[in-house]
Every structure is written in structure tokens, then in C-alpha cells.
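*Asks:* Got a file for you: upload_25.cif, mmCIF, N, CA and C atoms.
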```
data_input
loop_
_atom_site.label_atom_id
_atom_site.label_comp_id
_atom_site.auth_asym_id
_atom_site.auth_seq_id
_atom_site.Cartn_x
_atom_site.Cartn_y
_atom_site.Cartn_z
N MET A 1 22.78 14.25 -35.32
CA MET A 1 22.56 15.16 -34.21
C MET A 1 21.07 15.28 -33.90
N LEU A 2 20.23 15.44 -34.91
CA LEU A 2 18.80 15.54 -34.68
C LEU A 2 18.21 14.21 -34.22
N LYS A 3 18.79 13.10 -34.69
CA LYS A 3 18.31 11.78 -34.27
C LYS A 3 18.54 11.59 -32.76
N GLY A 4 19.72 12.01 -32.28
CA GLY A 4 20.00 11.93 -30.86
C GLY A 4 19.05 12.77 -30.03
N PHE A 5 18.75 13.98 -30.54
CA PHE A 5 17.80 14.85 -29.85
C PHE A 5 16.41 14.22 -29.83
N LYS A 6 16.00 13.65 -30.97
CA LYS A 6 14.69 13.00 -31.06
C LYS A 6 14.62 11.82 -30.08
N ASP A 7 15.68 11.02 -30.00
CA ASP A 7 15.71 9.89 -29.06
C ASP A 7 15.62 10.39 -27.62
N PHE A 8 16.29 11.50 -27.34
CA PHE A 8 16.26 12.07 -25.99
C PHE A 8 14.85 12.54 -25.63
N ILE A 9 14.20 13.24 -26.55
CA ILE A 9 12.87 13.78 -26.28
C ILE A 9 11.85 12.67 -26.14
N LEU A 10 11.97 11.63 -26.94
CA LEU A 10 10.99 10.56 -26.92
C LEU A 10 11.26 9.52 -25.84
N ARG A 11 12.31 9.70 -25.08
CA ARG A 11 12.58 8.80 -23.96
C ARG A 11 11.45 8.95 -22.94
N GLY A 12 10.99 7.84 -22.41
CA GLY A 12 9.82 7.84 -21.53
C GLY A 12 9.93 8.74 -20.32
N ASN A 13 11.07 8.73 -19.63
CA ASN A 13 11.16 9.51 -18.40
C ASN A 13 11.18 11.01 -18.67
N VAL A 14 11.61 11.46 -19.85
CA VAL A 14 11.57 12.89 -20.16
C VAL A 14 10.13 13.35 -20.32
N ILE A 15 9.34 12.55 -21.01
CA ILE A 15 7.93 12.90 -21.20
C ILE A 15 7.20 12.87 -19.86
N ASP A 16 7.49 11.87 -19.03
CA ASP A 16 6.88 11.80 -17.70
C ASP A 16 7.24 13.03 -16.87
N LEU A 17 8.49 13.44 -16.96
CA LEU A 17 8.93 14.62 -16.22
C LEU A 17 8.21 15.87 -16.71
N ALA A 18 8.05 16.02 -18.01
CA ALA A 18 7.35 17.18 -18.56
C ALA A 18 5.90 17.20 -18.09
N VAL A 19 5.24 16.05 -18.09
CA VAL A 19 3.86 15.97 -17.60
C VAL A 19 3.80 16.34 -16.13
N ALA A 20 4.77 15.86 -15.35
CA ALA A 20 4.79 16.17 -13.92
C ALA A 20 4.96 17.67 -13.67
N VAL A 21 5.80 18.32 -14.45
CA VAL A 21 6.01 19.76 -14.28
C VAL A 21 4.72 20.52 -14.61
N VAL A 22 4.06 20.16 -15.69
CA VAL A 22 2.82 20.83 -16.08
C VAL A 22 1.75 20.62 -15.01
N MET A 23 1.60 19.38 -14.54
CA MET A 23 0.60 19.09 -13.51
C MET A 23 0.94 19.80 -12.21
N GLY A 24 2.21 19.85 -11.86
CA GLY A 24 2.62 20.55 -10.65
C GLY A 24 2.32 22.03 -10.72
N THR A 25 2.57 22.63 -11.88
CA THR A 25 2.28 24.05 -12.05
C THR A 25 0.78 24.32 -11.93
N ALA A 26 -0.02 23.46 -12.52
CA ALA A 26 -1.48 23.63 -12.41
C ALA A 26 -1.93 23.46 -10.97
N PHE A 27 -1.35 22.52 -10.26
CA PHE A 27 -1.73 22.30 -8.86
C PHE A 27 -1.33 23.49 -8.00
N VAL A 28 -0.15 24.05 -8.24
CA VAL A 28 0.28 25.24 -7.49
C VAL A 28 -0.69 26.38 -7.72
N ALA A 29 -1.19 26.53 -8.94
CA ALA A 29 -2.17 27.60 -9.22
C ALA A 29 -3.45 27.38 -8.42
N ILE A 30 -3.89 26.14 -8.30
CA ILE A 30 -5.10 25.85 -7.52
C ILE A 30 -4.89 26.17 -6.05
N VAL A 31 -3.75 25.74 -5.51
CA VAL A 31 -3.47 25.99 -4.09
C VAL A 31 -3.31 27.48 -3.83
N THR A 32 -2.66 28.19 -4.74
CA THR A 32 -2.49 29.64 -4.58
C THR A 32 -3.84 30.35 -4.60
N ALA A 33 -4.71 29.95 -5.50
CA ALA A 33 -6.04 30.54 -5.54
C ALA A 33 -6.81 30.27 -4.25
N PHE A 34 -6.67 29.05 -3.72
CA PHE A 34 -7.33 28.71 -2.45
C PHE A 34 -6.82 29.58 -1.31
N THR A 35 -5.49 29.70 -1.21
CA THR A 35 -4.94 30.48 -0.09
C THR A 35 -5.21 31.97 -0.26
N ASP A 36 -5.16 32.45 -1.51
CA ASP A 36 -5.45 33.88 -1.73
C ASP A 36 -6.92 34.20 -1.50
N GLY A 37 -7.81 33.29 -1.86
CA GLY A 37 -9.24 33.55 -1.75
C GLY A 37 -9.82 33.24 -0.39
N ILE A 38 -9.25 32.28 0.33
CA ILE A 38 -9.85 31.87 1.60
C ILE A 38 -8.92 32.13 2.78
N VAL A 39 -7.69 31.64 2.69
CA VAL A 39 -6.77 31.72 3.84
C VAL A 39 -6.31 33.15 4.08
N LYS A 40 -5.92 33.85 3.02
CA LYS A 40 -5.41 35.21 3.19
C LYS A 40 -6.43 36.15 3.83
N PRO A 41 -7.71 36.15 3.41
CA PRO A 41 -8.67 37.01 4.11
C PRO A 41 -8.84 36.64 5.59
N LEU A 42 -8.76 35.35 5.89
CA LEU A 42 -8.85 34.95 7.29
C LEU A 42 -7.66 35.45 8.09
N ILE A 43 -6.48 35.44 7.50
CA ILE A 43 -5.29 35.94 8.18
C ILE A 43 -5.38 37.45 8.37
N GLU A 44 -5.92 38.14 7.38
CA GLU A 44 -6.01 39.60 7.46
C GLU A 44 -7.02 40.08 8.49
N ILE A 45 -7.89 39.19 8.96
CA ILE A 45 -8.81 39.56 10.04
C ILE A 45 -8.03 39.98 11.28
N PHE A 46 -6.88 39.33 11.50
CA PHE A 46 -6.07 39.62 12.68
C PHE A 46 -5.15 40.81 12.48
N GLY A 47 -5.22 41.44 11.29
CA GLY A 47 -4.31 42.54 10.98
C GLY A 47 -4.77 43.89 11.49
N GLY A 48 -5.93 44.00 11.99
CA GLY A 48 -6.39 45.30 12.48
C GLY A 48 -7.26 45.99 11.46
N THR A 49 -7.41 47.31 11.61
CA THR A 49 -8.33 48.06 10.78
C THR A 49 -7.70 48.60 9.51
N GLY A 50 -6.39 48.55 9.36
CA GLY A 50 -5.72 49.10 8.18
C GLY A 50 -5.87 48.22 6.96
N ASP A 51 -5.54 48.80 5.80
CA ASP A 51 -5.60 48.07 4.54
C ASP A 51 -4.41 47.14 4.35
N LEU A 52 -3.44 47.26 5.18
CA LEU A 52 -2.19 46.53 4.97
C LEU A 52 -2.24 45.09 5.46
N GLY A 53 -3.19 44.73 6.26
CA GLY A 53 -3.28 43.37 6.76
C GLY A 53 -2.39 43.12 7.96
N LEU A 54 -2.09 41.86 8.19
CA LEU A 54 -1.30 41.47 9.35
C LEU A 54 0.16 41.86 9.15
N GLY A 55 0.68 42.63 10.09
CA GLY A 55 2.07 43.07 10.02
C GLY A 55 2.32 44.20 10.99
N PHE A 56 3.48 44.82 10.83
CA PHE A 56 3.84 45.93 11.71
C PHE A 56 4.79 46.88 10.98
N ARG A 57 4.87 48.13 11.50
CA ARG A 57 5.80 49.11 10.96
C ARG A 57 7.03 49.17 11.85
N ILE A 58 8.16 49.22 11.19
CA ILE A 58 9.41 49.34 11.95
C ILE A 58 9.52 50.76 12.51
N ILE A 59 9.23 51.73 11.68
CA ILE A 59 9.19 53.12 12.13
C ILE A 59 7.74 53.59 11.96
N ALA A 60 7.15 54.05 13.02
CA ALA A 60 5.72 54.33 13.05
C ALA A 60 5.28 55.38 12.03
N ASP A 61 6.12 56.36 11.73
CA ASP A 61 5.72 57.46 10.84
C ASP A 61 5.97 57.15 9.36
N LYS A 62 6.68 56.08 9.03
CA LYS A 62 7.03 55.79 7.64
C LYS A 62 6.30 54.54 7.15
N PRO A 63 5.33 54.70 6.24
CA PRO A 63 4.60 53.54 5.71
C PRO A 63 5.49 52.58 4.94
N ALA A 64 6.61 53.06 4.39
CA ALA A 64 7.50 52.19 3.62
C ALA A 64 8.19 51.14 4.48
N THR A 65 8.16 51.32 5.79
CA THR A 65 8.83 50.36 6.68
C THR A 65 7.88 49.29 7.21
N TYR A 66 6.73 49.16 6.56
CA TYR A 66 5.74 48.17 6.99
C TYR A 66 6.22 46.77 6.61
N VAL A 67 6.23 45.87 7.57
CA VAL A 67 6.60 44.47 7.34
C VAL A 67 5.30 43.67 7.32
N ALA A 68 4.98 43.14 6.14
CA ALA A 68 3.73 42.39 5.97
C ALA A 68 3.97 40.92 6.32
N LEU A 69 3.29 40.44 7.34
CA LEU A 69 3.42 39.04 7.74
C LEU A 69 2.40 38.14 7.05
N GLY A 70 1.31 38.72 6.58
CA GLY A 70 0.27 37.94 5.92
C GLY A 70 0.76 37.14 4.71
N PRO A 71 1.49 37.77 3.76
CA PRO A 71 1.98 37.02 2.61
C PRO A 71 2.96 35.91 2.99
N ILE A 72 3.73 36.12 4.04
CA ILE A 72 4.68 35.09 4.50
C ILE A 72 3.91 33.90 5.06
N ILE A 73 2.89 34.17 5.85
CA ILE A 73 2.08 33.09 6.40
C ILE A 73 1.34 32.36 5.29
N THR A 74 0.82 33.13 4.31
CA THR A 74 0.12 32.52 3.18
C THR A 74 1.05 31.61 2.38
N ALA A 75 2.28 32.06 2.12
CA ALA A 75 3.25 31.24 1.39
C ALA A 75 3.61 29.98 2.18
N ALA A 76 3.72 30.09 3.49
CA ALA A 76 4.01 28.91 4.32
C ALA A 76 2.86 27.91 4.27
N ILE A 77 1.63 28.41 4.29
CA ILE A 77 0.47 27.52 4.19
C ILE A 77 0.42 26.87 2.81
N ASN A 78 0.73 27.64 1.75
CA ASN A 78 0.84 27.07 0.39
C ASN A 78 1.82 25.90 0.39
N PHE A 79 2.99 26.12 0.97
CA PHE A 79 4.02 25.10 1.00
C PHE A 79 3.55 23.86 1.73
N VAL A 80 2.93 24.03 2.88
CA VAL A 80 2.47 22.88 3.67
C VAL A 80 1.39 22.09 2.92
N ILE A 81 0.46 22.80 2.27
CA ILE A 81 -0.59 22.11 1.52
C ILE A 81 0.01 21.32 0.36
N ILE A 82 0.90 21.95 -0.40
CA ILE A 82 1.52 21.27 -1.55
C ILE A 82 2.37 20.09 -1.07
N ALA A 83 3.15 20.27 -0.02
CA ALA A 83 3.97 19.18 0.50
C ALA A 83 3.12 18.02 0.99
N ALA A 84 1.99 18.32 1.64
CA ALA A 84 1.11 17.26 2.13
C ALA A 84 0.50 16.48 0.98
N VAL A 85 0.05 17.18 -0.05
CA VAL A 85 -0.55 16.49 -1.19
C VAL A 85 0.50 15.65 -1.92
N VAL A 86 1.68 16.19 -2.12
CA VAL A 86 2.74 15.41 -2.79
C VAL A 86 3.08 14.18 -1.97
N TYR A 87 3.19 14.32 -0.66
CA TYR A 87 3.54 13.17 0.18
C TYR A 87 2.44 12.11 0.16
N PHE A 88 1.19 12.54 0.42
CA PHE A 88 0.11 11.56 0.55
C PHE A 88 -0.38 11.03 -0.80
N ALA A 89 -0.24 11.81 -1.88
CA ALA A 89 -0.73 11.35 -3.18
C ALA A 89 0.36 10.68 -4.02
N LEU A 90 1.63 11.00 -3.77
CA LEU A 90 2.69 10.44 -4.60
C LEU A 90 3.70 9.59 -3.83
N VAL A 91 4.30 10.17 -2.80
CA VAL A 91 5.39 9.48 -2.11
C VAL A 91 4.90 8.26 -1.35
N LEU A 92 3.86 8.41 -0.56
CA LEU A 92 3.36 7.29 0.24
C LEU A 92 2.88 6.12 -0.62
N PRO A 93 2.05 6.35 -1.66
CA PRO A 93 1.66 5.22 -2.52
C PRO A 93 2.85 4.60 -3.26
N ALA A 94 3.81 5.42 -3.70
CA ALA A 94 4.97 4.87 -4.39
C ALA A 94 5.82 4.01 -3.46
N THR A 95 5.98 4.44 -2.22
CA THR A 95 6.72 3.65 -1.25
C THR A 95 6.01 2.34 -0.95
N HIS A 96 4.70 2.41 -0.81
CA HIS A 96 3.90 1.21 -0.55
C HIS A 96 4.00 0.23 -1.73
N ALA A 97 3.90 0.76 -2.95
CA ALA A 97 3.99 -0.09 -4.14
C ALA A 97 5.38 -0.70 -4.28
N LYS A 98 6.40 0.06 -3.94
CA LYS A 98 7.77 -0.45 -4.04
C LYS A 98 7.98 -1.58 -3.04
N LYS A 99 7.43 -1.44 -1.84
CA LYS A 99 7.55 -2.51 -0.85
C LYS A 99 6.78 -3.75 -1.30
N ARG A 100 5.62 -3.54 -1.90
CA ARG A 100 4.77 -4.66 -2.27
C ARG A 100 5.24 -5.37 -3.53
N TRP A 101 5.61 -4.60 -4.56
CA TRP A 101 5.97 -5.19 -5.84
C TRP A 101 7.41 -4.91 -6.23
N GLY A 102 8.22 -4.45 -5.30
CA GLY A 102 9.59 -4.10 -5.62
C GLY A 102 10.41 -5.30 -6.05
N LYS A 103 11.61 -5.00 -6.52
CA LYS A 103 12.51 -6.06 -6.96
C LYS A 103 12.90 -6.95 -5.78
N ALA A 104 13.13 -8.21 -6.09
CA ALA A 104 13.56 -9.14 -5.05
C ALA A 104 14.96 -8.77 -4.60
N ASP A 105 15.28 -9.15 -3.39
CA ASP A 105 16.59 -8.91 -2.85
C ASP A 105 17.64 -9.60 -3.72
N ALA A 106 18.78 -8.95 -3.96
CA ALA A 106 19.80 -9.50 -4.85
C ALA A 106 20.31 -10.85 -4.33
N GLN A 107 20.47 -10.99 -3.04
CA GLN A 107 20.96 -12.25 -2.48
C GLN A 107 19.91 -13.34 -2.68
N THR A 108 18.67 -13.05 -2.50
CA THR A 108 17.61 -14.02 -2.71
C THR A 108 17.56 -14.44 -4.18
N GLU A 109 17.71 -13.49 -5.08
CA GLU A 109 17.74 -13.79 -6.50
C GLU A 109 18.91 -14.71 -6.83
N ALA A 110 20.06 -14.40 -6.27
CA ALA A 110 21.25 -15.21 -6.53
C ALA A 110 21.06 -16.63 -5.99
N GLU A 111 20.46 -16.74 -4.83
CA GLU A 111 20.22 -18.07 -4.27
C GLU A 111 19.25 -18.86 -5.15
N LEU A 112 18.20 -18.22 -5.63
CA LEU A 112 17.25 -18.90 -6.50
C LEU A 112 17.91 -19.34 -7.81
N LEU A 113 18.71 -18.49 -8.38
CA LEU A 113 19.40 -18.84 -9.61
C LEU A 113 20.38 -19.99 -9.39
N THR A 114 21.06 -20.00 -8.24
CA THR A 114 21.97 -21.10 -7.92
C THR A 114 21.20 -22.40 -7.79
N GLU A 115 20.05 -22.36 -7.14
CA GLU A 115 19.23 -23.56 -6.99
C GLU A 115 18.75 -24.06 -8.34
N ILE A 116 18.31 -23.16 -9.20
CA ILE A 116 17.86 -23.57 -10.53
C ILE A 116 19.01 -24.18 -11.32
N ARG A 117 20.17 -23.56 -11.23
CA ARG A 117 21.35 -24.10 -11.92
C ARG A 117 21.67 -25.50 -11.42
N ASP A 118 21.65 -25.70 -10.11
CA ASP A 118 21.95 -27.01 -9.54
C ASP A 118 20.93 -28.05 -9.99
N LEU A 119 19.65 -27.67 -10.01
CA LEU A 119 18.62 -28.61 -10.45
C LEU A 119 18.78 -28.98 -11.92
N LEU A 120 19.10 -28.00 -12.73
CA LEU A 120 19.30 -28.29 -14.15
C LEU A 120 20.55 -29.13 -14.38
N ALA A 121 21.60 -28.88 -13.61
CA ALA A 121 22.84 -29.65 -13.77
C ALA A 121 22.63 -31.10 -13.35
N ASP A 122 21.91 -31.32 -12.29
CA ASP A 122 21.66 -32.69 -11.82
C ASP A 122 20.69 -33.42 -12.74
N GLY A 123 19.73 -32.68 -13.27
CA GLY A 123 18.75 -33.28 -14.17
C GLY A 123 18.02 -34.42 -13.49
N ASN A 124 17.77 -35.44 -14.22
CA ASN A 124 17.04 -36.60 -13.69
C ASN A 124 17.98 -37.62 -13.06
N ARG A 125 19.28 -37.44 -13.16
CA ARG A 125 20.23 -38.43 -12.65
C ARG A 125 20.05 -38.69 -11.15
N SER A 126 20.13 -37.63 -10.35
CA SER A 126 20.15 -37.85 -8.90
C SER A 126 18.76 -38.02 -8.30
N THR A 127 17.73 -37.59 -8.96
CA THR A 127 16.41 -37.65 -8.35
C THR A 127 15.58 -38.81 -8.88
N GLY A 128 16.13 -39.56 -9.82
CA GLY A 128 15.38 -40.69 -10.35
C GLY A 128 14.11 -40.28 -11.04
N GLY A 129 14.12 -39.13 -11.70
CA GLY A 129 12.94 -38.68 -12.42
C GLY A 129 12.03 -37.80 -11.59
N ARG A 130 12.24 -37.72 -10.29
CA ARG A 130 11.43 -36.86 -9.43
C ARG A 130 12.14 -35.53 -9.24
N HIS A 131 11.37 -34.49 -9.14
CA HIS A 131 11.95 -33.17 -8.88
C HIS A 131 11.68 -32.84 -7.42
N GLU A 132 12.75 -32.65 -6.69
CA GLU A 132 12.63 -32.33 -5.27
C GLU A 132 13.15 -30.93 -5.05
N SER A 133 12.55 -30.24 -4.12
CA SER A 133 13.00 -28.91 -3.77
C SER A 133 14.20 -29.02 -2.84
N ARG A 134 15.21 -28.26 -3.13
CA ARG A 134 16.40 -28.26 -2.28
C ARG A 134 16.54 -26.93 -1.54
N ALA A 135 15.48 -26.19 -1.51
CA ALA A 135 15.52 -24.92 -0.78
C ALA A 135 15.72 -25.21 0.69
N GLY A 136 16.54 -24.46 1.32
CA GLY A 136 16.79 -24.63 2.74
C GLY A 136 17.94 -25.58 3.02
N LEU A 137 18.48 -26.25 2.02
CA LEU A 137 19.62 -27.14 2.21
C LEU A 137 20.90 -26.35 1.99
N ASP A 138 21.92 -26.68 2.79
CA ASP A 138 23.19 -26.02 2.54
C ASP A 138 23.90 -26.75 1.40
N SER A 139 25.06 -26.25 0.98
CA SER A 139 25.73 -26.79 -0.20
C SER A 139 26.17 -28.23 0.01
N LYS A 140 26.56 -28.64 1.22
CA LYS A 140 26.98 -30.03 1.47
C LYS A 140 25.79 -30.97 1.33
N GLU A 141 24.63 -30.58 1.85
CA GLU A 141 23.43 -31.43 1.74
C GLU A 141 23.00 -31.54 0.29
N ARG A 142 23.12 -30.45 -0.50
CA ARG A 142 22.76 -30.51 -1.91
C ARG A 142 23.68 -31.46 -2.67
N ASP A 143 24.97 -31.46 -2.31
CA ASP A 143 25.93 -32.31 -3.02
C ASP A 143 25.70 -33.79 -2.73
N THR A 144 25.15 -34.10 -1.55
CA THR A 144 24.93 -35.50 -1.22
C THR A 144 23.70 -36.08 -1.87
N LEU A 145 22.78 -35.23 -2.33
CA LEU A 145 21.56 -35.75 -2.98
C LEU A 145 21.81 -36.14 -4.38
#
```
Before we go any further, please render this structure as C-alpha cells.

*Replies:*
Amino acid sequence: MLKGFKDFILRGNVIDLAVAVVMGTAFVAIVTAFTDGIVKPLIEIFGGTGDLGLGFRIIADKPATYVALGPIITAAINFVIIAAVVYFALVLPATHAKKRWGKADAQTEAELLTEIRDLLADGNRSTGGRHESRAGLDSKERDTL
């Protein structure tokens, strides 16, 4: 039972996931500090002279009915900043790398393996000791060589 747990913990993708969660949490703290220290005061400029910041009261005489819009706007800006960084720093480069170095198409792989098999099966018999490429030939043309 403990061996299975140890194998699970030491699996590469679990460790990568744990690192990603820790890094993500640290990044969220940085973005939150940025929005709380810079963006939130700028938003509160538009809130008027009160201490409550940007928002409105549903009932004018009751302070408990104050709807604060500043924290909602700050949270939305947090989300947009984090989403932009994740997209431009992780998703876009990963997509580019996958296109550039991704696995070959399964059909292309199968065709290459078939060609290699045919060349190995024919050996030196049909080519007289020369190795010729048969790429681009259909199966009838390959059989005639």
C-alpha cells in the first residue's frame, strides 16, 4: 500500500502539478498586491468623497445597503491579468511547440513504416544492391519494382 502511494507521489506529472499550483498561488499573490496597491486606489478616485469607494446605496439612509463596485472591478482586473499571463506565457508557447515538435500524423507514420517494411522485405533482390526511395509510389508501382 505504501509502495503504491510512493509510486504515485514520485510520478513526474504529480510533482509538476504541485509545482504549478505553488507557482500559481505565488503569482496570484503578486497580481493581487498590484491591483490592491495600484489599481484599486485608481478605481476609488471615481467613488466620490466617501470612504466606501466606488459604489452606491440601495437605500440612501442605510449604510448596510451599500453595494461596493470597486472590489468587483478589482477582481475582474485580477482575472484578466492572470488569464493574459497564463495564455501568453504558457498556452501560446506550448501550442507553438506542439505544432513545431509535435508527434507526426498517425497516417504519415503508418505510411513510413509500410515503406520501411517493404524496403526491408525486398532487400537487395529487386534493387540490385541500390537503395531507391519509393515514396510517392502507389502499391502497384511498388510491386512492379

*Asks:* What does the distance from atom C of Leu92 in chain A to atom C of Ile15 in chain A come to in Å, to one decimal?

*Replies:*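 For atom C of Leu92 in chain A relative to atom C of Ile15 in chain A, the distance reads 20.8 Å.
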
*Asks:* Show which residues sit within 7 Å of range 61-77 of chain A, as JSON, numbers by chain. Count only N, CA and C atoms, and ignore same-chain residues fewer than 4 positions away.

*Replies:* {"A": [35, 39, 40, 43, 44, 52, 53, 54, 55, 56, 57, 81, 82]}

*Asks:* List every residue of range 52-130 of chain A that DSSP, applied to the backbone, labels as alpha helix (DSSP H), and write the result as a compact mmCIF listing (two decimals) with N, CA and C atoms, keeping the file's coordinate frame.

*Replies:*
```
# COMPACT_ATOMS: atom_id res chain seq x y z
N GLY A 70 1.31 38.72 6.58
CA GLY A 70 0.27 37.94 5.92
C GLY A 70 0.76 37.14 4.71
N PRO A 71 1.49 37.77 3.76
CA PRO A 71 1.98 37.02 2.61
C PRO A 71 2.96 35.91 2.99
N ILE A 72 3.73 36.12 4.04
CA ILE A 72 4.68 35.09 4.50
C ILE A 72 3.91 33.90 5.06
N ILE A 73 2.89 34.17 5.85
CA ILE A 73 2.08 33.09 6.40
C ILE A 73 1.34 32.36 5.29
N THR A 74 0.82 33.13 4.31
CA THR A 74 0.12 32.52 3.18
C THR A 74 1.05 31.61 2.38
N ALA A 75 2.28 32.06 2.12
CA ALA A 75 3.25 31.24 1.39
C ALA A 75 3.61 29.98 2.18
N ALA A 76 3.72 30.09 3.49
CA ALA A 76 4.01 28.91 4.32
C ALA A 76 2.86 27.91 4.27
N ILE A 77 1.63 28.41 4.29
CA ILE A 77 0.47 27.52 4.19
C ILE A 77 0.42 26.87 2.81
N ASN A 78 0.73 27.64 1.75
CA ASN A 78 0.84 27.07 0.39
C ASN A 78 1.82 25.90 0.39
N PHE A 79 2.99 26.12 0.97
CA PHE A 79 4.02 25.10 1.00
C PHE A 79 3.55 23.86 1.73
N VAL A 80 2.93 24.03 2.88
CA VAL A 80 2.47 22.88 3.67
C VAL A 80 1.39 22.09 2.92
N ILE A 81 0.46 22.80 2.27
CA ILE A 81 -0.59 22.11 1.52
C ILE A 81 0.01 21.32 0.36
N ILE A 82 0.90 21.95 -0.40
CA ILE A 82 1.52 21.27 -1.55
C ILE A 82 2.37 20.09 -1.07
N ALA A 83 3.15 20.27 -0.02
CA ALA A 83 3.97 19.18 0.50
C ALA A 83 3.12 18.02 0.99
N ALA A 84 1.99 18.32 1.64
CA ALA A 84 1.11 17.26 2.13
C ALA A 84 0.50 16.48 0.98
N VAL A 85 0.05 17.18 -0.05
CA VAL A 85 -0.55 16.49 -1.19
C VAL A 85 0.50 15.65 -1.92
N VAL A 86 1.68 16.19 -2.12
CA VAL A 86 2.74 15.41 -2.79
C VAL A 86 3.08 14.18 -1.97
N LEU A 92 3.86 8.41 -0.56
CA LEU A 92 3.36 7.29 0.24
C LEU A 92 2.88 6.12 -0.62
N PRO A 93 2.05 6.35 -1.66
CA PRO A 93 1.66 5.22 -2.52
C PRO A 93 2.85 4.60 -3.26
N ALA A 94 3.81 5.42 -3.70
CA ALA A 94 4.97 4.87 -4.39
C ALA A 94 5.82 4.01 -3.46
N THR A 95 5.98 4.44 -2.22
CA THR A 95 6.72 3.65 -1.25
C THR A 95 6.01 2.34 -0.95
N HIS A 96 4.70 2.41 -0.81
CA HIS A 96 3.90 1.21 -0.55
C HIS A 96 4.00 0.23 -1.73
N ALA A 97 3.90 0.76 -2.95
CA ALA A 97 3.99 -0.09 -4.14
C ALA A 97 5.38 -0.70 -4.28
N LYS A 98 6.40 0.06 -3.94
CA LYS A 98 7.77 -0.45 -4.04
C LYS A 98 7.98 -1.58 -3.04
N LYS A 99 7.43 -1.44 -1.84
CA LYS A 99 7.55 -2.51 -0.85
C LYS A 99 6.78 -3.75 -1.30
N ARG A 100 5.62 -3.54 -1.90
CA ARG A 100 4.77 -4.66 -2.27
C ARG A 100 5.24 -5.37 -3.53
N TRP A 101 5.61 -4.60 -4.56
CA TRP A 101 5.97 -5.19 -5.84
C TRP A 101 7.41 -4.91 -6.23
N ALA A 106 18.78 -8.95 -3.96
CA ALA A 106 19.80 -9.50 -4.85
C ALA A 106 20.31 -10.85 -4.33
N GLN A 107 20.47 -10.99 -3.04
CA GLN A 107 20.96 -12.25 -2.48
C GLN A 107 19.91 -13.34 -2.68
N THR A 108 18.67 -13.05 -2.50
CA THR A 108 17.61 -14.02 -2.71
C THR A 108 17.56 -14.44 -4.18
N GLU A 109 17.71 -13.49 -5.08
CA GLU A 109 17.74 -13.79 -6.50
C GLU A 109 18.91 -14.71 -6.83
N ALA A 110 20.06 -14.40 -6.27
CA ALA A 110 21.25 -15.21 -6.53
C ALA A 110 21.06 -16.63 -5.99
N GLU A 111 20.46 -16.74 -4.83
CA GLU A 111 20.22 -18.07 -4.27
C GLU A 111 19.25 -18.86 -5.15
N LEU A 112 18.20 -18.22 -5.63
CA LEU A 112 17.25 -18.90 -6.50
C LEU A 112 17.91 -19.34 -7.81
N LEU A 113 18.71 -18.49 -8.38
CA LEU A 113 19.40 -18.84 -9.61
C LEU A 113 20.38 -19.99 -9.39
N THR A 114 21.06 -20.00 -8.24
CA THR A 114 21.97 -21.10 -7.92
C THR A 114 21.20 -22.40 -7.79
N GLU A 115 20.05 -22.36 -7.14
CA GLU A 115 19.23 -23.56 -6.99
C GLU A 115 18.75 -24.06 -8.34
N ILE A 116 18.31 -23.16 -9.20
CA ILE A 116 17.86 -23.57 -10.53
C ILE A 116 19.01 -24.18 -11.32
N ARG A 117 20.17 -23.56 -11.23
CA ARG A 117 21.35 -24.10 -11.92
C ARG A 117 21.67 -25.50 -11.42
N ASP A 118 21.65 -25.70 -10.11
CA ASP A 118 21.95 -27.01 -9.54
C ASP A 118 20.93 -28.05 -9.99
N LEU A 119 19.65 -27.67 -10.01
CA LEU A 119 18.62 -28.61 -10.45
C LEU A 119 18.78 -28.98 -11.92
N LEU A 120 19.10 -28.00 -12.73
CA LEU A 120 19.30 -28.29 -14.15
C LEU A 120 20.55 -29.13 -14.38
N ALA A 121 21.60 -28.88 -13.61
CA ALA A 121 22.84 -29.65 -13.77
C ALA A 121 22.63 -31.10 -13.35
N ASP A 122 21.91 -31.32 -12.29
CA ASP A 122 21.66 -32.69 -11.82
C ASP A 122 20.69 -33.42 -12.74
```

*Asks:* Just the number, please: distance in Å from atom N of Val31 in chain A to atom N of Val80 in chain A, one decimal.

*Replies:*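 Atom N of Val31 in chain A sits 10.9 Å away from atom N of Val80 in chain A.
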
*Asks:* For atom N of Ala89 in chain A and CA of Pro41 in chain A, quote the distance in Å rounded to one decimal.

*Replies:* 27.2 Å
